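This report refers to the structure that appears directly beneath it.
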Amino acid sequence: MRRGVKMAECFVEMNGQALASPRKRPRRDDTHKVTVVLGAQWGDEGKGKVVDLLAIDADIVCRCQGGNNAGHTVVVDDREYDFHLLPSGIINPKCKSIIGNGVVVHLPGLFDELQKNEAKGLTNWKDRLLISDRAHIVFDFHQPLLGGLVCVLQQVDGLQELEKGKKSLGTTKKGIGPTYSSKATRNGIRIADLLGDYSQFVEKFQGLAAVYQRMFPDLQVDVEAELVRYKAFVERIRPYVVESVSYLHSALWSGQKVLVEGANAAMLDIDFGTYPYVTSSNCSIGGVCTGLGLPPCNIGEVIGVVKAYTTRVGDGPFPTELLDATGNLLQTRGREVGVTTKRKRRCGWLDLALLQYTTMVNGYSALCVTKLDILDTLAEIKVGISYKSKGEKLNYFPSNTAELAGVEVEYITLPGWQTSIEDVRDYEKLPHNAKKYIQMIEEHIQVPVKWIGVGKDRESIINVY
Ligand code: GDP
Ligand code: IMO
Ligand code: MG
């Protein structure tokens, strides 16, 4: 296993200098800060594309949370890559890619993803992929459990809920919830366990499988076959496994530029999202610290990626959802179909009450507004700016699902630009009404818009400043 040996040298250096002269003590400055890309709505904002853009200047791109529930698209020339577990920066042949300790890893899925992208042109990944030994493993039996888990919960909560029409969560069925549950229950299995004494891994695996089989008697787990399969993974993944905390800090101290690729999004965050219609990790800024072992002082620029309208996959409240022809138009023009599950994404107007809330949680230093081109044909564009509940304007974002589902959204209406912006690369050349739309976002959110997406391709972006 690779270790961050340079970090130890770094400590020696630091201590040496501190003893010689306290004034010379090395300080963390901008060169030791990471740039973070986070989803500011319900996911699929175009994080993959933004990461691809920023990876040009990065030495390392890291994933810090989630698993292969994420689906990040990068379009280079005519090739469309989709990344689920791999950081999108992996297509940059200069970048190392780290799958951090906060990620949950389905190993067969990881190797399938590598193979699929290799066929599309991904090169020399073997020298560049690193996986944290603290990352938890998603086993196959975690995955079908999601369907089973919902059934059991429905049984436990009673048929009454079903009668009320309560829906399932609409998860991606990638085993994310059960794996993070195992992690929190402390019977989860980490990459380090797989690479250590195999007999101990066997014991842990048998124990975990037995727990789930007790919970779900119909669950079929061929424990012996799985153990043979995982034995084969040991040597396959060993070359990529690293103690990622010291590796990353060592890289930062040596001046390497690190980019963090958030997966999922703030409104899917287990603490701050629309619970229980969320994923099982912290996909807001806190997950960057816990998922990579980075203290807050190492966080530099935080880029919030915001679609020019709103989409959501799966169930849960969505105050600005459009269940009409405009919603269909956004879905069709925006090709709003899930990268991971191929489900149609629900579509609605941009919601600035929501964006204000995720700005508080994440502290964006800049925004990237994507898919502005999808609004090209509209004569009028509505934007939700605040919520009312029982006739009162809310000065907070509702935590209660029923309250959020019942809010009345106050909208402003802006004129559209009704011309194609696909070929625009200079902010000043955007139609007046498109600039007004961007300025309106900046005024409400008080965060500058640094990039504007005008198409799916790598170069279809406006760098505003
Ligand atoms: P992610 O999960 O946040 O990385 O986003 P997804 O890849 O799931 O979904 C975003 C989709 O929008 C992808 O198909 C992208 O190729 C596409 N996309 C990203 N930015 C733009 C843009 O500015 N305009 C258009 N038309 N498509 C975009
Ligand atoms: P990216 O990174 C959109 C949603 C699922 C479901 C809920 C819980 O591509 O933006 P899970 O399988 O995580 O337990 O599902 O969260 N979800 C996403 N929706 N984009 C994503 O990722 C998502 N990751 C999870 O649809 O509603
Ligand atoms: Mg996606």
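Chain labels A, B, ... are given in the sequence in which chains occur in the structure tokens; within each chain residues are numbered consecutively from 1, and ligands are likewise numbered from 1 in the order shown.
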
> Given a cut-off of 9 Å, what residues near ligand 1 show up using only C-alpha atoms and all ligand atoms, put as a PyMOL selection string?
Replying inline: chain A and resi 38-39+43-51+70-75+80-84+88+262-265+305-308+333-340+369-374+422+452-458+460-461

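By chain and then residue number, the residues within 7 Å of stretch 272-289 of chain A are A:Leu38, A:Cys64, A:Gln65, A:Gly66, A:Leu169, A:Ile176, A:Gly177, A:Tyr180, A:Gly262, A:Ala263, A:Asn264, A:Ala265, A:Ala266, A:Pro295, A:Pro296, A:Asp315, A:Gly316, A:Asn362, A:Ser399, A:Thr401, counting only C-alpha atoms and disregarding those fewer than 6 positions away in sequence.
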
Would you mind exporting C-alpha atoms of the selected residues as a compact mmCIF listing (two decimals), in the first residue's frame?
```txt
# COMPACT_ATOMS: atom_id res chain seq x y z
CA LEU A 38 -20.83 21.11 -5.05
CA CYS A 64 -15.37 12.59 -0.93
CA GLN A 65 -18.84 11.01 -0.49
CA GLY A 66 -21.60 9.03 -2.15
CA LEU A 169 -37.89 7.11 -1.59
CA ILE A 176 -25.95 3.45 -0.76
CA GLY A 177 -28.32 3.60 2.22
CA TYR A 180 -23.82 3.82 5.10
CA GLY A 262 -19.04 16.69 -4.75
CA ALA A 263 -21.58 14.05 -5.70
CA ASN A 264 -25.36 14.24 -5.32
CA ALA A 265 -26.26 17.68 -3.94
CA ALA A 266 -27.10 19.87 -0.96
CA PRO A 295 -9.82 20.52 8.11
CA PRO A 296 -11.95 23.60 7.26
CA ASP A 315 -39.64 11.23 -4.80
CA GLY A 316 -39.97 14.08 -2.35
CA ASN A 362 -22.24 25.53 1.71
CA SER A 399 -37.43 21.05 7.58
CA THR A 401 -41.61 17.47 4.46
```

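Of the residues under consideration (A:Arg79, A:Arg214, A:Arg345, A:Lys96), A:Lys96 shows the shortest atom-to-atom contact distance to A:Tyr247 when counting only C-alpha atoms.
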
> If we count only C-alpha atoms, what is near A:Gly109 at a cut-off of 10 Å, once residues fewer than 4 positions away on the same chain are taken out, given as a list in words?
Replying inline: Gly67, Asn68, His84, Leu85, Val105, Glu113, Leu114, Gln115, Val138, Asp140 and Lys174 of chain A

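Across A:Val424, A:Thr311, A:Lys390, A:Gln143, the tightest approach to ligand 3 is made by A:Thr311 when counting only C-alpha atoms and all ligand atoms.
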
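Using only C-alpha atoms, the smallest distance between any of A:Lys173, A:Lys183, A:Arg190, A:Lys435 and A:Ala135 comes from A:Arg190.
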
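Backbone DSSP of stretch 300-399 of chain A yields alpha helix (DSSP H) at Ala325, Thr326, Gly327, Asn328, Leu329, Leu330, Gln331, Thr332, Arg333, Leu352, Ala353, Leu354, Leu355, Gln356, Tyr357, Thr358, Thr359, Met360, Val361 and Asn362 of chain A.
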
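Atom CA of A:Ala184 is positioned 18.3 Å from atom CA of A:Gln206.
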
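The gap separating atom CA of A:Gly89 from atom CA of A:Leu355 is 25.9 Å, in Å to one decimal.
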
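Put simply, atom CA of A:Asn69 is 24.8 Å away from atom CA of A:Leu322.
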
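Shortest separation to A:Trp349 among A:Ser250, A:Ser244, A:Asn328, A:Asn433 occurs at residue A:Asn328, atoms counted being only C-alpha atoms.
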
> In stretch 31-78 of chain A, what's strand (DSSP E or B) per DSSP? Answer as an MDAnalysis selection string?
Replying inline: chainID A and resid 34:39 60:63 66 72:76

Could you please take those selected residues and save N, CA, C and O atoms as an mmCIF file, in the first residue's frame?
```cif
data_model
loop_
_atom_site.group_PDB
_atom_site.id
_atom_site.type_symbol
_atom_site.label_atom_id
_atom_site.label_comp_id
_atom_site.auth_asym_id
_atom_site.auth_seq_id
_atom_site.Cartn_x
_atom_site.Cartn_y
_atom_site.Cartn_z
ATOM 1 N N VAL A 34 -7.994 23.545 -1.051
ATOM 2 C CA VAL A 34 -8.614 22.799 -2.146
ATOM 3 C C VAL A 34 -9.768 23.613 -2.736
ATOM 4 O O VAL A 34 -10.362 24.438 -2.059
ATOM 5 N N THR A 35 -10.055 23.379 -3.993
ATOM 6 C CA THR A 35 -11.241 23.966 -4.633
ATOM 7 C C THR A 35 -12.319 22.894 -4.641
ATOM 8 O O THR A 35 -12.044 21.726 -4.946
ATOM 9 N N VAL A 36 -13.527 23.319 -4.276
ATOM 10 C CA VAL A 36 -14.609 22.344 -4.123
ATOM 11 C C VAL A 36 -15.749 22.654 -5.100
ATOM 12 O O VAL A 36 -16.143 23.812 -5.240
ATOM 13 N N VAL A 37 -16.266 21.626 -5.742
ATOM 14 C CA VAL A 37 -17.425 21.778 -6.631
ATOM 15 C C VAL A 37 -18.596 21.028 -5.988
ATOM 16 O O VAL A 37 -18.487 19.826 -5.715
ATOM 17 N N LEU A 38 -19.692 21.748 -5.726
ATOM 18 C CA LEU A 38 -20.829 21.110 -5.046
ATOM 19 C C LEU A 38 -22.136 21.339 -5.800
ATOM 20 O O LEU A 38 -22.354 22.435 -6.360
ATOM 21 N N GLY A 39 -22.995 20.361 -5.775
ATOM 22 C CA GLY A 39 -24.336 20.499 -6.354
ATOM 23 C C GLY A 39 -25.180 21.350 -5.427
ATOM 24 O O GLY A 39 -25.253 21.091 -4.225
ATOM 25 N N ILE A 60 -4.789 16.860 -8.666
ATOM 26 C CA ILE A 60 -5.543 15.744 -8.081
ATOM 27 C C ILE A 60 -7.023 16.113 -8.062
ATOM 28 O O ILE A 60 -7.380 17.244 -7.704
ATOM 29 N N VAL A 61 -7.877 15.176 -8.449
ATOM 30 C CA VAL A 61 -9.330 15.372 -8.307
ATOM 31 C C VAL A 61 -9.844 14.274 -7.378
ATOM 32 O O VAL A 61 -9.505 13.099 -7.553
ATOM 33 N N CYS A 62 -10.637 14.672 -6.370
ATOM 34 C CA CYS A 62 -11.079 13.691 -5.359
ATOM 35 C C CYS A 62 -12.587 13.611 -5.283
ATOM 36 O O CYS A 62 -13.265 14.630 -5.362
ATOM 37 N N ARG A 63 -13.100 12.415 -5.048
ATOM 38 C CA ARG A 63 -14.490 12.254 -4.612
ATOM 39 C C ARG A 63 -14.457 12.058 -3.106
ATOM 40 O O ARG A 63 -13.568 11.387 -2.576
ATOM 41 N N GLY A 66 -20.717 9.684 -1.186
ATOM 42 C CA GLY A 66 -21.601 9.029 -2.151
ATOM 43 C C GLY A 66 -20.955 7.782 -2.724
ATOM 44 O O GLY A 66 -19.897 7.327 -2.253
ATOM 45 N N HIS A 72 -22.141 11.485 -13.425
ATOM 46 C CA HIS A 72 -21.580 12.768 -13.870
ATOM 47 C C HIS A 72 -21.158 12.650 -15.333
ATOM 48 O O HIS A 72 -20.364 11.773 -15.684
ATOM 49 N N THR A 73 -21.668 13.542 -16.158
ATOM 50 C CA THR A 73 -21.408 13.469 -17.598
ATOM 51 C C THR A 73 -20.338 14.469 -18.011
ATOM 52 O O THR A 73 -20.352 15.617 -17.571
ATOM 53 N N VAL A 74 -19.426 14.011 -18.846
ATOM 54 C CA VAL A 74 -18.427 14.899 -19.446
ATOM 55 C C VAL A 74 -18.440 14.629 -20.944
ATOM 56 O O VAL A 74 -18.347 13.480 -21.372
ATOM 57 N N VAL A 75 -18.592 15.696 -21.719
ATOM 58 C CA VAL A 75 -18.626 15.520 -23.174
ATOM 59 C C VAL A 75 -17.361 16.131 -23.770
ATOM 60 O O VAL A 75 -17.101 17.325 -23.619
ATOM 61 N N VAL A 76 -16.544 15.285 -24.373
ATOM 62 C CA VAL A 76 -15.294 15.739 -24.983
ATOM 63 C C VAL A 76 -15.332 15.349 -26.457
ATOM 64 O O VAL A 76 -15.460 14.170 -26.782
#
```

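If only C-alpha atoms and all ligand atoms are the atoms counted, then among A:Gly314, A:Pro398, A:Gly255, A:Gly100 the closest residue to ligand 2 is A:Gly314.
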
> Near A:Tyr387, counting only C-alpha atoms, which residues have an atom at most 10 Å away, once you skip same-chain residues fewer than 6 positions from it, shown as an MDAnalysis selection string?
Replying inline: chainID A and resid 319 351:354 393:398 404 406:411

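Within the 8 Å cut-off around A:Asp59, using only C-alpha atoms and omitting residues fewer than 4 positions from it on the same chain, the listed residues are Ala55, Lys94, Cys95, Lys96, Gln256, Lys257, Val258 and Leu259 of chain A.
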
Residues of the last selection are to be written out with N, CA and C atoms, as a compact mmCIF listing (two decimals), in the first residue's frame.
```txt
# COMPACT_ATOMS: atom_id res chain seq x y z
N ALA A 55 -10.38 20.78 -13.94
CA ALA A 55 -9.32 19.77 -13.82
C ALA A 55 -8.10 20.15 -14.65
N LYS A 94 -3.35 14.23 -16.93
CA LYS A 94 -2.33 14.75 -15.97
C LYS A 94 -2.80 14.59 -14.52
N CYS A 95 -4.10 14.31 -14.35
CA CYS A 95 -4.66 14.34 -12.98
C CYS A 95 -4.66 12.98 -12.31
N LYS A 96 -4.27 13.02 -11.03
CA LYS A 96 -4.49 11.83 -10.21
C LYS A 96 -5.93 11.91 -9.71
N GLN A 256 0.68 20.88 -4.63
CA GLN A 256 -0.19 20.37 -5.69
C GLN A 256 -1.59 20.96 -5.55
N LYS A 257 -2.23 21.11 -6.70
CA LYS A 257 -3.58 21.70 -6.72
C LYS A 257 -4.62 20.59 -6.65
N VAL A 258 -5.52 20.74 -5.69
CA VAL A 258 -6.49 19.68 -5.44
C VAL A 258 -7.91 20.20 -5.68
N LEU A 259 -8.66 19.41 -6.41
CA LEU A 259 -10.05 19.74 -6.73
C LEU A 259 -10.93 18.65 -6.12
```
